[in-house]
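For reference, the structure is listed below as structure tokens.
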Amino acid sequence: MKVLVVEDNVSLLESIRQILTDEYEVDTADNGEDGLFMAQQSIYDIIILDVMLPGIDGFEIVRKIREAKIDTSVLFLTAKDALEDRVKGLEMGGDDYLVKPFQAPELKARIRALLRRSGIISLEQHVKYRNIELLEKEKDILVDGKVIKMTLKQFELLEYLIQNNGKILTREQIFDRIWGFDSDTTIAIVEVFIHHLRKKLEPFNYHKDIQTVRGIGYMLKQP
């Protein structure tokens, strides 16, 4: 799963990145402008957002992404004595807050709680869709009880579709999420991998669930 951390304290930003990289793919921004741009791509499962940022502050970032109908869970980082900030952050569309300084176990627990609340993971941290279950450790999938081998990118693509089932994902969102902003490949790779993924699922008649939304992208939905 993919996490965006926006924090202008570079040492704290790096500490959070190190804490989370064993469980998540982590992107970072150290200012409000970059943080807003990245958040607006709607490719993250959760955003960890400092309130006090140079330029555009955390409140403004949340206001803008909520106006754009981006419902990614937001965990605010706030100062110990900033009660008004915590209340304001929740009222503006934040989902939870964590008071600085904090310990790594509490940060991870709050992230897991938000991911469960949004339905991205279950209590057992399994990602499932109909009779398809993702085996996180092996990076394989279980379809109708049968293990299907996947490449890492195929696995990540299916995981992203499942986490957003019923929602339209643009080709740009998929490309940025799976291959990244700085990838040296082109957006055409998305169509290639969608084709490969459908081929893997066709023997189980799940290939039709990956629906093409003409001119926009793709959506995972039972036909």
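Every chain in the structure tokens takes a letter, A first, then B, and so on in the order presented; its residues are numbered from 1, and the ligands are numbered from 1 following the presented order.
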Contacts of Arg198 of chain A at 8 Å or less, counting only C-alpha atoms, minus same-chain residues fewer than 4 places along, as a ChimeraX atom specification? /A:194,202,206-208,210
Neighbour list for segment 86-100 of chain A as number ranges by chain, cut-off 6 Å, only C-alpha atoms, skip fewer than 2 positions in-chain: A: 73-80, 83-84, 102
Output of the above residues as an mmCIF file, in the first residue's frame, restricted to N, CA and C atoms:
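Resulting contents of again21.cif:
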data_model
loop_
_atom_site.group_PDB
_atom_site.id
_atom_site.type_symbol
_atom_site.label_atom_id
_atom_site.label_comp_id
_atom_site.auth_asym_id
_atom_site.auth_seq_id
_atom_site.Cartn_x
_atom_site.Cartn_y
_atom_site.Cartn_z
ATOM 1 N N SER A 73 -7.834 8.771 3.229
ATOM 2 C CA SER A 73 -7.752 9.050 4.660
ATOM 3 C C SER A 73 -6.556 9.947 4.967
ATOM 4 N N VAL A 74 -6.756 10.920 5.865
ATOM 5 C CA VAL A 74 -5.714 11.875 6.236
ATOM 6 C C VAL A 74 -5.463 11.786 7.731
ATOM 7 N N LEU A 75 -4.198 11.552 8.082
ATOM 8 C CA LEU A 75 -3.757 11.561 9.477
ATOM 9 C C LEU A 75 -2.934 12.823 9.693
ATOM 10 N N PHE A 76 -3.474 13.755 10.488
ATOM 11 C CA PHE A 76 -2.782 15.005 10.767
ATOM 12 C C PHE A 76 -1.717 14.797 11.848
ATOM 13 N N LEU A 77 -0.587 15.482 11.685
ATOM 14 C CA LEU A 77 0.425 15.579 12.733
ATOM 15 C C LEU A 77 0.319 16.975 13.335
ATOM 16 N N THR A 78 0.129 17.042 14.658
ATOM 17 C CA THR A 78 -0.080 18.334 15.305
ATOM 18 C C THR A 78 0.825 18.492 16.514
ATOM 19 N N ALA A 79 1.019 19.751 16.912
ATOM 20 C CA ALA A 79 1.799 20.049 18.115
ATOM 21 C C ALA A 79 1.005 19.667 19.359
ATOM 22 N N LYS A 80 1.721 19.390 20.426
ATOM 23 C CA LYS A 80 1.102 18.895 21.658
ATOM 24 C C LYS A 80 0.058 19.846 22.214
ATOM 25 N N LEU A 83 -4.678 22.251 20.473
ATOM 26 C CA LEU A 83 -6.018 21.654 20.495
ATOM 27 C C LEU A 83 -6.895 22.214 19.378
ATOM 28 N N GLU A 84 -6.814 23.521 19.161
ATOM 29 C CA GLU A 84 -7.636 24.132 18.113
ATOM 30 C C GLU A 84 -7.289 23.560 16.739
ATOM 31 N N PHE A 102 5.743 11.437 18.907
ATOM 32 C CA PHE A 102 5.010 10.182 18.974
ATOM 33 C C PHE A 102 5.977 9.012 18.785
#
Go through chain A and collect every residue that DSSP, computed from the backbone, puts in alpha helix (DSSP H); the answer should be as a compact mmCIF listing (two decimals) with N, CA, C and O atoms, in the first residue's frame.
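The file below, out.txt, is the result:
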# COMPACT_ATOMS: atom_id res chain seq x y z
N VAL A 10 12.75 17.99 7.99
CA VAL A 10 13.37 16.96 7.16
C VAL A 10 13.80 15.74 7.97
O VAL A 10 13.66 14.60 7.52
N SER A 11 14.31 15.96 9.17
CA SER A 11 14.74 14.83 9.99
C SER A 11 13.55 13.97 10.42
O SER A 11 13.61 12.73 10.40
N LEU A 12 12.43 14.61 10.78
CA LEU A 12 11.22 13.86 11.14
C LEU A 12 10.66 13.15 9.91
O LEU A 12 10.21 12.01 9.99
N LEU A 13 10.69 13.83 8.78
CA LEU A 13 10.21 13.24 7.53
C LEU A 13 10.98 11.95 7.22
O LEU A 13 10.39 10.92 6.88
N GLU A 14 12.27 12.00 7.36
CA GLU A 14 13.09 10.82 7.09
C GLU A 14 12.84 9.72 8.11
O GLU A 14 12.82 8.54 7.78
N SER A 15 12.63 10.11 9.37
CA SER A 15 12.34 9.12 10.41
C SER A 15 11.03 8.38 10.11
O SER A 15 10.96 7.15 10.23
N ILE A 16 10.00 9.12 9.71
CA ILE A 16 8.72 8.49 9.38
C ILE A 16 8.89 7.56 8.18
O ILE A 16 8.35 6.45 8.16
N ARG A 17 9.63 8.02 7.17
CA ARG A 17 9.86 7.18 6.00
C ARG A 17 10.52 5.87 6.40
O ARG A 17 10.11 4.78 5.95
N GLN A 18 11.52 5.93 7.26
CA GLN A 18 12.22 4.71 7.68
C GLN A 18 11.30 3.80 8.50
O GLN A 18 11.36 2.57 8.37
N ILE A 19 10.45 4.39 9.32
CA ILE A 19 9.52 3.60 10.14
C ILE A 19 8.56 2.81 9.27
O ILE A 19 8.23 1.66 9.56
N LEU A 20 8.12 3.41 8.16
CA LEU A 20 7.03 2.82 7.37
C LEU A 20 7.47 1.98 6.19
O LEU A 20 6.68 1.20 5.66
N GLY A 32 4.24 22.40 1.26
CA GLY A 32 2.82 22.29 0.97
C GLY A 32 2.50 22.20 -0.51
O GLY A 32 1.59 21.47 -0.91
N GLU A 33 3.26 22.93 -1.35
CA GLU A 33 2.97 22.91 -2.78
C GLU A 33 3.16 21.52 -3.37
O GLU A 33 2.29 21.00 -4.08
N ASP A 34 4.30 20.89 -3.07
CA ASP A 34 4.56 19.55 -3.58
C ASP A 34 3.58 18.55 -2.97
O ASP A 34 3.10 17.63 -3.65
N GLY A 35 3.30 18.73 -1.68
CA GLY A 35 2.37 17.82 -1.01
C GLY A 35 0.99 17.87 -1.63
O GLY A 35 0.35 16.84 -1.85
N LEU A 36 0.51 19.09 -1.94
CA LEU A 36 -0.80 19.23 -2.56
C LEU A 36 -0.82 18.58 -3.94
O LEU A 36 -1.76 17.85 -4.28
N PHE A 37 0.20 18.84 -4.75
CA PHE A 37 0.26 18.25 -6.09
C PHE A 37 0.21 16.73 -6.02
O PHE A 37 -0.55 16.09 -6.76
N MET A 38 0.98 16.14 -5.13
CA MET A 38 1.02 14.69 -5.03
C MET A 38 -0.30 14.13 -4.50
O MET A 38 -0.81 13.13 -4.98
N ALA A 39 -0.87 14.80 -3.50
CA ALA A 39 -2.15 14.35 -2.94
C ALA A 39 -3.26 14.40 -3.98
O ALA A 39 -4.15 13.55 -4.00
N GLY A 58 -1.40 22.42 5.97
CA GLY A 58 -2.12 21.16 5.93
C GLY A 58 -3.62 21.32 5.79
O GLY A 58 -4.28 20.52 5.11
N PHE A 59 -4.18 22.33 6.42
CA PHE A 59 -5.62 22.58 6.33
C PHE A 59 -6.03 22.85 4.89
O PHE A 59 -7.05 22.34 4.40
N GLU A 60 -5.25 23.67 4.20
CA GLU A 60 -5.57 24.03 2.83
C GLU A 60 -5.45 22.82 1.90
O GLU A 60 -6.24 22.66 0.96
N ILE A 61 -4.46 21.97 2.16
CA ILE A 61 -4.31 20.76 1.36
C ILE A 61 -5.55 19.88 1.49
O ILE A 61 -6.10 19.40 0.50
N VAL A 62 -6.00 19.67 2.72
CA VAL A 62 -7.19 18.84 2.93
C VAL A 62 -8.41 19.48 2.30
O VAL A 62 -9.23 18.80 1.66
N ARG A 63 -8.55 20.79 2.45
CA ARG A 63 -9.71 21.47 1.86
C ARG A 63 -9.75 21.26 0.36
O ARG A 63 -10.81 20.95 -0.22
N LYS A 64 -8.61 21.40 -0.29
CA LYS A 64 -8.57 21.29 -1.75
C LYS A 64 -8.81 19.85 -2.23
O LYS A 64 -9.50 19.64 -3.23
N ILE A 65 -8.25 18.87 -1.54
CA ILE A 65 -8.47 17.49 -2.02
C ILE A 65 -9.90 17.03 -1.73
O ILE A 65 -10.47 16.27 -2.52
N ARG A 66 -10.50 17.50 -0.65
CA ARG A 66 -11.90 17.16 -0.39
C ARG A 66 -12.83 17.85 -1.41
O ARG A 66 -13.81 17.26 -1.84
N GLU A 67 -12.49 19.06 -1.79
CA GLU A 67 -13.27 19.73 -2.84
C GLU A 67 -13.19 18.95 -4.15
O GLU A 67 -14.14 18.95 -4.94
N LEU A 83 -4.68 22.25 20.47
CA LEU A 83 -6.02 21.65 20.49
C LEU A 83 -6.90 22.21 19.38
O LEU A 83 -7.62 21.46 18.71
N GLU A 84 -6.81 23.52 19.16
CA GLU A 84 -7.64 24.13 18.11
C GLU A 84 -7.29 23.56 16.74
O GLU A 84 -8.17 23.36 15.90
N ASP A 85 -6.00 23.30 16.50
CA ASP A 85 -5.59 22.72 15.23
C ASP A 85 -6.18 21.33 15.05
O ASP A 85 -6.61 20.96 13.95
N ARG A 86 -6.20 20.55 16.13
CA ARG A 86 -6.72 19.19 16.03
C ARG A 86 -8.22 19.21 15.70
O ARG A 86 -8.68 18.46 14.84
N VAL A 87 -8.94 20.09 16.37
CA VAL A 87 -10.38 20.20 16.11
C VAL A 87 -10.63 20.70 14.69
O VAL A 87 -11.46 20.15 13.95
N LYS A 88 -9.91 21.73 14.30
CA LYS A 88 -10.09 22.30 12.97
C LYS A 88 -9.76 21.28 11.88
O LYS A 88 -10.46 21.17 10.87
N GLY A 89 -8.69 20.51 12.10
CA GLY A 89 -8.30 19.51 11.12
C GLY A 89 -9.37 18.46 10.89
O GLY A 89 -9.66 18.08 9.75
N LEU A 90 -9.99 18.01 11.95
CA LEU A 90 -11.06 17.03 11.83
C LEU A 90 -12.29 17.63 11.16
O LEU A 90 -12.96 16.98 10.34
N GLU A 91 -12.59 18.86 11.50
CA GLU A 91 -13.76 19.52 10.91
C GLU A 91 -13.58 19.78 9.41
O GLU A 91 -14.55 19.79 8.67
N ALA A 104 6.83 5.12 17.20
CA ALA A 104 6.56 4.37 15.96
C ALA A 104 5.37 3.41 16.09
O ALA A 104 4.54 3.36 15.17
N PRO A 105 5.21 2.66 17.18
CA PRO A 105 4.07 1.75 17.26
C PRO A 105 2.72 2.45 17.18
O PRO A 105 1.78 1.94 16.58
N GLU A 106 2.63 3.66 17.80
CA GLU A 106 1.35 4.38 17.74
C GLU A 106 1.07 4.87 16.33
O GLU A 106 -0.07 4.80 15.85
N LEU A 107 2.10 5.36 15.62
CA LEU A 107 1.92 5.80 14.24
C LEU A 107 1.41 4.64 13.39
O LEU A 107 0.44 4.78 12.63
N LYS A 108 2.04 3.47 13.51
CA LYS A 108 1.62 2.32 12.70
C LYS A 108 0.21 1.87 13.07
O LYS A 108 -0.57 1.50 12.19
N ALA A 109 -0.12 1.91 14.36
CA ALA A 109 -1.45 1.47 14.79
C ALA A 109 -2.52 2.40 14.24
O ALA A 109 -3.60 1.95 13.81
N ARG A 110 -2.27 3.70 14.25
CA ARG A 110 -3.26 4.65 13.73
C ARG A 110 -3.43 4.50 12.22
O ARG A 110 -4.54 4.63 11.70
N ILE A 111 -2.35 4.23 11.52
CA ILE A 111 -2.44 3.99 10.07
C ILE A 111 -3.28 2.75 9.80
O ILE A 111 -4.19 2.76 8.96
N ARG A 112 -3.01 1.66 10.51
CA ARG A 112 -3.79 0.43 10.31
C ARG A 112 -5.26 0.65 10.63
O ARG A 112 -6.14 0.14 9.93
N ALA A 113 -5.54 1.42 11.68
CA ALA A 113 -6.93 1.69 12.06
C ALA A 113 -7.65 2.46 10.95
O ALA A 113 -8.80 2.16 10.62
N LEU A 114 -6.98 3.45 10.36
CA LEU A 114 -7.60 4.21 9.27
C LEU A 114 -7.80 3.36 8.03
O LEU A 114 -8.81 3.49 7.34
N LEU A 115 -6.85 2.48 7.73
CA LEU A 115 -7.00 1.60 6.57
C LEU A 115 -8.14 0.61 6.77
O LEU A 115 -8.87 0.29 5.84
N ARG A 116 -8.32 0.14 8.01
CA ARG A 116 -9.46 -0.75 8.29
C ARG A 116 -10.77 0.03 8.17
O ARG A 116 -11.75 -0.47 7.62
N ARG A 117 -10.79 1.25 8.71
CA ARG A 117 -12.00 2.06 8.67
C ARG A 117 -12.43 2.36 7.24
O ARG A 117 -13.63 2.39 6.94
N LEU A 152 5.44 -8.97 -9.79
CA LEU A 152 5.22 -7.97 -8.76
C LEU A 152 4.30 -6.85 -9.26
O LEU A 152 3.38 -6.43 -8.55
N LYS A 153 4.52 -6.37 -10.48
CA LYS A 153 3.70 -5.30 -11.02
C LYS A 153 2.26 -5.76 -11.26
O LYS A 153 1.31 -5.01 -11.04
N GLN A 154 2.07 -7.00 -11.71
CA GLN A 154 0.72 -7.54 -11.88
C GLN A 154 0.00 -7.59 -10.54
O GLN A 154 -1.17 -7.23 -10.42
N PHE A 155 0.72 -8.04 -9.51
CA PHE A 155 0.15 -8.12 -8.17
C PHE A 155 -0.25 -6.73 -7.68
O PHE A 155 -1.35 -6.52 -7.17
N GLU A 156 0.65 -5.75 -7.84
CA GLU A 156 0.37 -4.40 -7.37
C GLU A 156 -0.80 -3.78 -8.13
O GLU A 156 -1.61 -3.04 -7.55
N LEU A 157 -0.90 -4.07 -9.43
CA LEU A 157 -2.01 -3.56 -10.23
C LEU A 157 -3.34 -4.12 -9.76
O LEU A 157 -4.31 -3.39 -9.56
N LEU A 158 -3.38 -5.44 -9.55
CA LEU A 158 -4.62 -6.05 -9.07
C LEU A 158 -4.97 -5.56 -7.68
O LEU A 158 -6.14 -5.29 -7.38
N GLU A 159 -3.98 -5.40 -6.83
CA GLU A 159 -4.21 -4.89 -5.48
C GLU A 159 -4.83 -3.50 -5.52
O GLU A 159 -5.80 -3.20 -4.81
N TYR A 160 -4.32 -2.65 -6.40
CA TYR A 160 -4.83 -1.28 -6.53
C TYR A 160 -6.27 -1.29 -7.04
O TYR A 160 -7.13 -0.54 -6.55
N LEU A 161 -6.56 -2.14 -8.00
CA LEU A 161 -7.92 -2.24 -8.52
C LEU A 161 -8.88 -2.73 -7.43
O LEU A 161 -9.99 -2.23 -7.29
N ILE A 162 -8.45 -3.73 -6.66
CA ILE A 162 -9.30 -4.27 -5.60
C ILE A 162 -9.56 -3.23 -4.52
O ILE A 162 -10.69 -3.07 -4.04
N GLN A 163 -8.52 -2.51 -4.14
CA GLN A 163 -8.68 -1.50 -3.09
C GLN A 163 -9.64 -0.39 -3.52
O GLN A 163 -10.20 0.31 -2.68
N ARG A 171 -5.95 6.12 -16.36
CA ARG A 171 -4.67 5.53 -16.74
C ARG A 171 -3.52 6.25 -16.04
O ARG A 171 -2.53 5.62 -15.65
N GLU A 172 -3.65 7.57 -15.90
CA GLU A 172 -2.60 8.34 -15.24
C GLU A 172 -2.47 7.95 -13.77
O GLU A 172 -1.35 7.82 -13.25
N GLN A 173 -3.60 7.76 -13.08
CA GLN A 173 -3.55 7.34 -11.69
C GLN A 173 -2.86 5.98 -11.55
O GLN A 173 -2.01 5.79 -10.67
N ILE A 174 -3.23 5.06 -12.41
CA ILE A 174 -2.64 3.71 -12.34
C ILE A 174 -1.14 3.78 -12.62
O ILE A 174 -0.34 3.16 -11.91
N PHE A 175 -0.77 4.54 -13.64
CA PHE A 175 0.65 4.65 -13.99
C PHE A 175 1.45 5.26 -12.84
O PHE A 175 2.51 4.73 -12.45
N ASP A 176 0.95 6.36 -12.28
CA ASP A 176 1.67 7.02 -11.19
C ASP A 176 1.74 6.14 -9.96
O ASP A 176 2.75 6.12 -9.25
N ARG A 177 0.68 5.38 -9.70
CA ARG A 177 0.63 4.52 -8.52
C ARG A 177 1.58 3.33 -8.65
O ARG A 177 2.34 3.02 -7.74
N ILE A 178 1.57 2.65 -9.80
CA ILE A 178 2.31 1.40 -9.94
C ILE A 178 3.74 1.62 -10.42
O ILE A 178 4.67 0.98 -9.94
N ALA A 188 1.62 3.82 -21.83
CA ALA A 188 1.08 2.69 -22.62
C ALA A 188 1.27 1.36 -21.89
O ALA A 188 0.55 0.39 -22.18
N ILE A 189 2.18 1.32 -20.94
CA ILE A 189 2.42 0.08 -20.19
C ILE A 189 1.18 -0.34 -19.41
O ILE A 189 0.98 -1.52 -19.13
N VAL A 190 0.33 0.62 -19.05
CA VAL A 190 -0.88 0.30 -18.28
C VAL A 190 -1.77 -0.64 -19.06
O VAL A 190 -2.23 -1.66 -18.54
N GLU A 191 -2.03 -0.34 -20.32
CA GLU A 191 -2.89 -1.18 -21.15
C GLU A 191 -2.30 -2.58 -21.31
O GLU A 191 -3.03 -3.57 -21.29
N VAL A 192 -0.98 -2.65 -21.45
CA VAL A 192 -0.31 -3.95 -21.59
C VAL A 192 -0.54 -4.80 -20.35
O VAL A 192 -0.89 -5.99 -20.45
N PHE A 193 -0.38 -4.22 -19.17
CA PHE A 193 -0.52 -4.98 -17.94
C PHE A 193 -1.97 -5.32 -17.64
O PHE A 193 -2.25 -6.37 -17.05
N ILE A 194 -2.89 -4.46 -18.01
CA ILE A 194 -4.31 -4.80 -17.87
C ILE A 194 -4.61 -6.02 -18.73
O ILE A 194 -5.33 -6.95 -18.29
N HIS A 195 -4.09 -6.06 -19.94
CA HIS A 195 -4.28 -7.22 -20.83
C HIS A 195 -3.73 -8.49 -20.18
O HIS A 195 -4.39 -9.54 -20.17
N HIS A 196 -2.52 -8.43 -19.64
CA HIS A 196 -1.91 -9.60 -19.00
C HIS A 196 -2.72 -10.05 -17.79
O HIS A 196 -2.89 -11.26 -17.56
N LEU A 197 -3.20 -9.10 -17.03
CA LEU A 197 -3.98 -9.43 -15.84
C LEU A 197 -5.29 -10.11 -16.22
O LEU A 197 -5.70 -11.10 -15.58
N ARG A 198 -5.95 -9.61 -17.23
CA ARG A 198 -7.17 -10.25 -17.70
C ARG A 198 -6.91 -11.69 -18.15
O ARG A 198 -7.72 -12.58 -17.90
N LYS A 199 -5.79 -11.91 -18.82
CA LYS A 199 -5.44 -13.26 -19.27
C LYS A 199 -5.27 -14.21 -18.09
O LYS A 199 -5.68 -15.38 -18.15
N LYS A 200 -4.68 -13.71 -17.01
CA LYS A 200 -4.48 -14.54 -15.81
C LYS A 200 -5.82 -14.91 -15.17
O LYS A 200 -5.98 -15.99 -14.61
N LEU A 201 -6.79 -14.00 -15.26
CA LEU A 201 -8.08 -14.20 -14.60
C LEU A 201 -9.13 -14.86 -15.50
O LEU A 201 -10.16 -15.32 -15.00
Report as number ranges by chain all protein, DNA and RNA residues lying within 8 Å of Leu53 of chain A, evaluated on only C-alpha atoms, omitting residues in the same chain fewer than 2 positions from it. A: 7-8, 31-32, 50-51, 55-58
Atoms to include: N, CA and C atoms. Write the selected residues as a compact mmCIF listing (two decimals), in the first residue's frame.
# COMPACT_ATOMS: atom_id res chain seq x y z
N GLU A 7 5.74 16.71 5.41
CA GLU A 7 6.30 17.22 6.67
C GLU A 7 7.52 18.06 6.33
N ASP A 8 7.57 19.30 6.85
CA ASP A 8 8.69 20.18 6.49
C ASP A 8 9.92 19.99 7.37
N ASN A 31 7.16 20.28 1.58
CA ASN A 31 6.50 21.58 1.51
C ASN A 31 5.06 21.39 1.04
N GLY A 32 4.24 22.40 1.26
CA GLY A 32 2.82 22.29 0.97
C GLY A 32 2.50 22.20 -0.51
N ASP A 50 1.44 17.09 8.02
CA ASP A 50 1.73 18.08 9.06
C ASP A 50 0.80 19.29 8.87
N VAL A 51 0.38 19.87 9.98
CA VAL A 51 -0.49 21.04 9.90
C VAL A 51 0.29 22.27 9.45
N GLY A 55 4.20 27.86 2.86
CA GLY A 55 3.38 28.02 1.66
C GLY A 55 1.95 27.61 1.94
N ILE A 56 1.57 26.44 1.45
CA ILE A 56 0.23 25.91 1.65
C ILE A 56 0.24 25.03 2.90
N ASP A 57 -0.61 25.32 3.89
CA ASP A 57 -0.59 24.53 5.12
C ASP A 57 -1.45 23.28 4.96
N GLY A 58 -1.40 22.42 5.97
CA GLY A 58 -2.12 21.16 5.93
C GLY A 58 -3.62 21.32 5.79
Could you please write out, as a list in words, every residue of segment 135-192 of chain A that DSSP assigns to strand (DSSP E)? Leu135, Asp140, Ile141, Leu142, Val143, Lys146, Val147, Ile148, Leu169 and Thr170 of chain A
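Going from atom CA of Ser42 of chain A over to atom CA of Thr72 of chain A, you cover 7.3 Å.
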Using only C-alpha atoms, can you tell me which of A:Tyr129, A:Tyr24, A:Asn205, A:Ile43 comes closest to Trp179 of chain A?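 Of the candidates, the smallest distance to Trp179 of chain A is held by A:Ile43.
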Between A:Ile70, A:Ile132, A:Ile187, A:Val26, single out the one closest to Lys2 of chain A, counting only C-alpha atoms.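 Of the candidates, the smallest distance to Lys2 of chain A is held by A:Val26.
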Excluding same-chain residues fewer than 6 positions from Leu135 of chain A, what lies within 12 Å of it counting only C-alpha atoms, as a ChimeraX atom specification? /A:124-128,141-143,145-150,152,155-156,158-159
Hey, can you check how far atom CA of Thr151 of chain A sits from atom CA of Leu4 of chain A?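 One can read the atom CA of Thr151 of chain A to atom CA of Leu4 of chain A distance as 24.4 Å.
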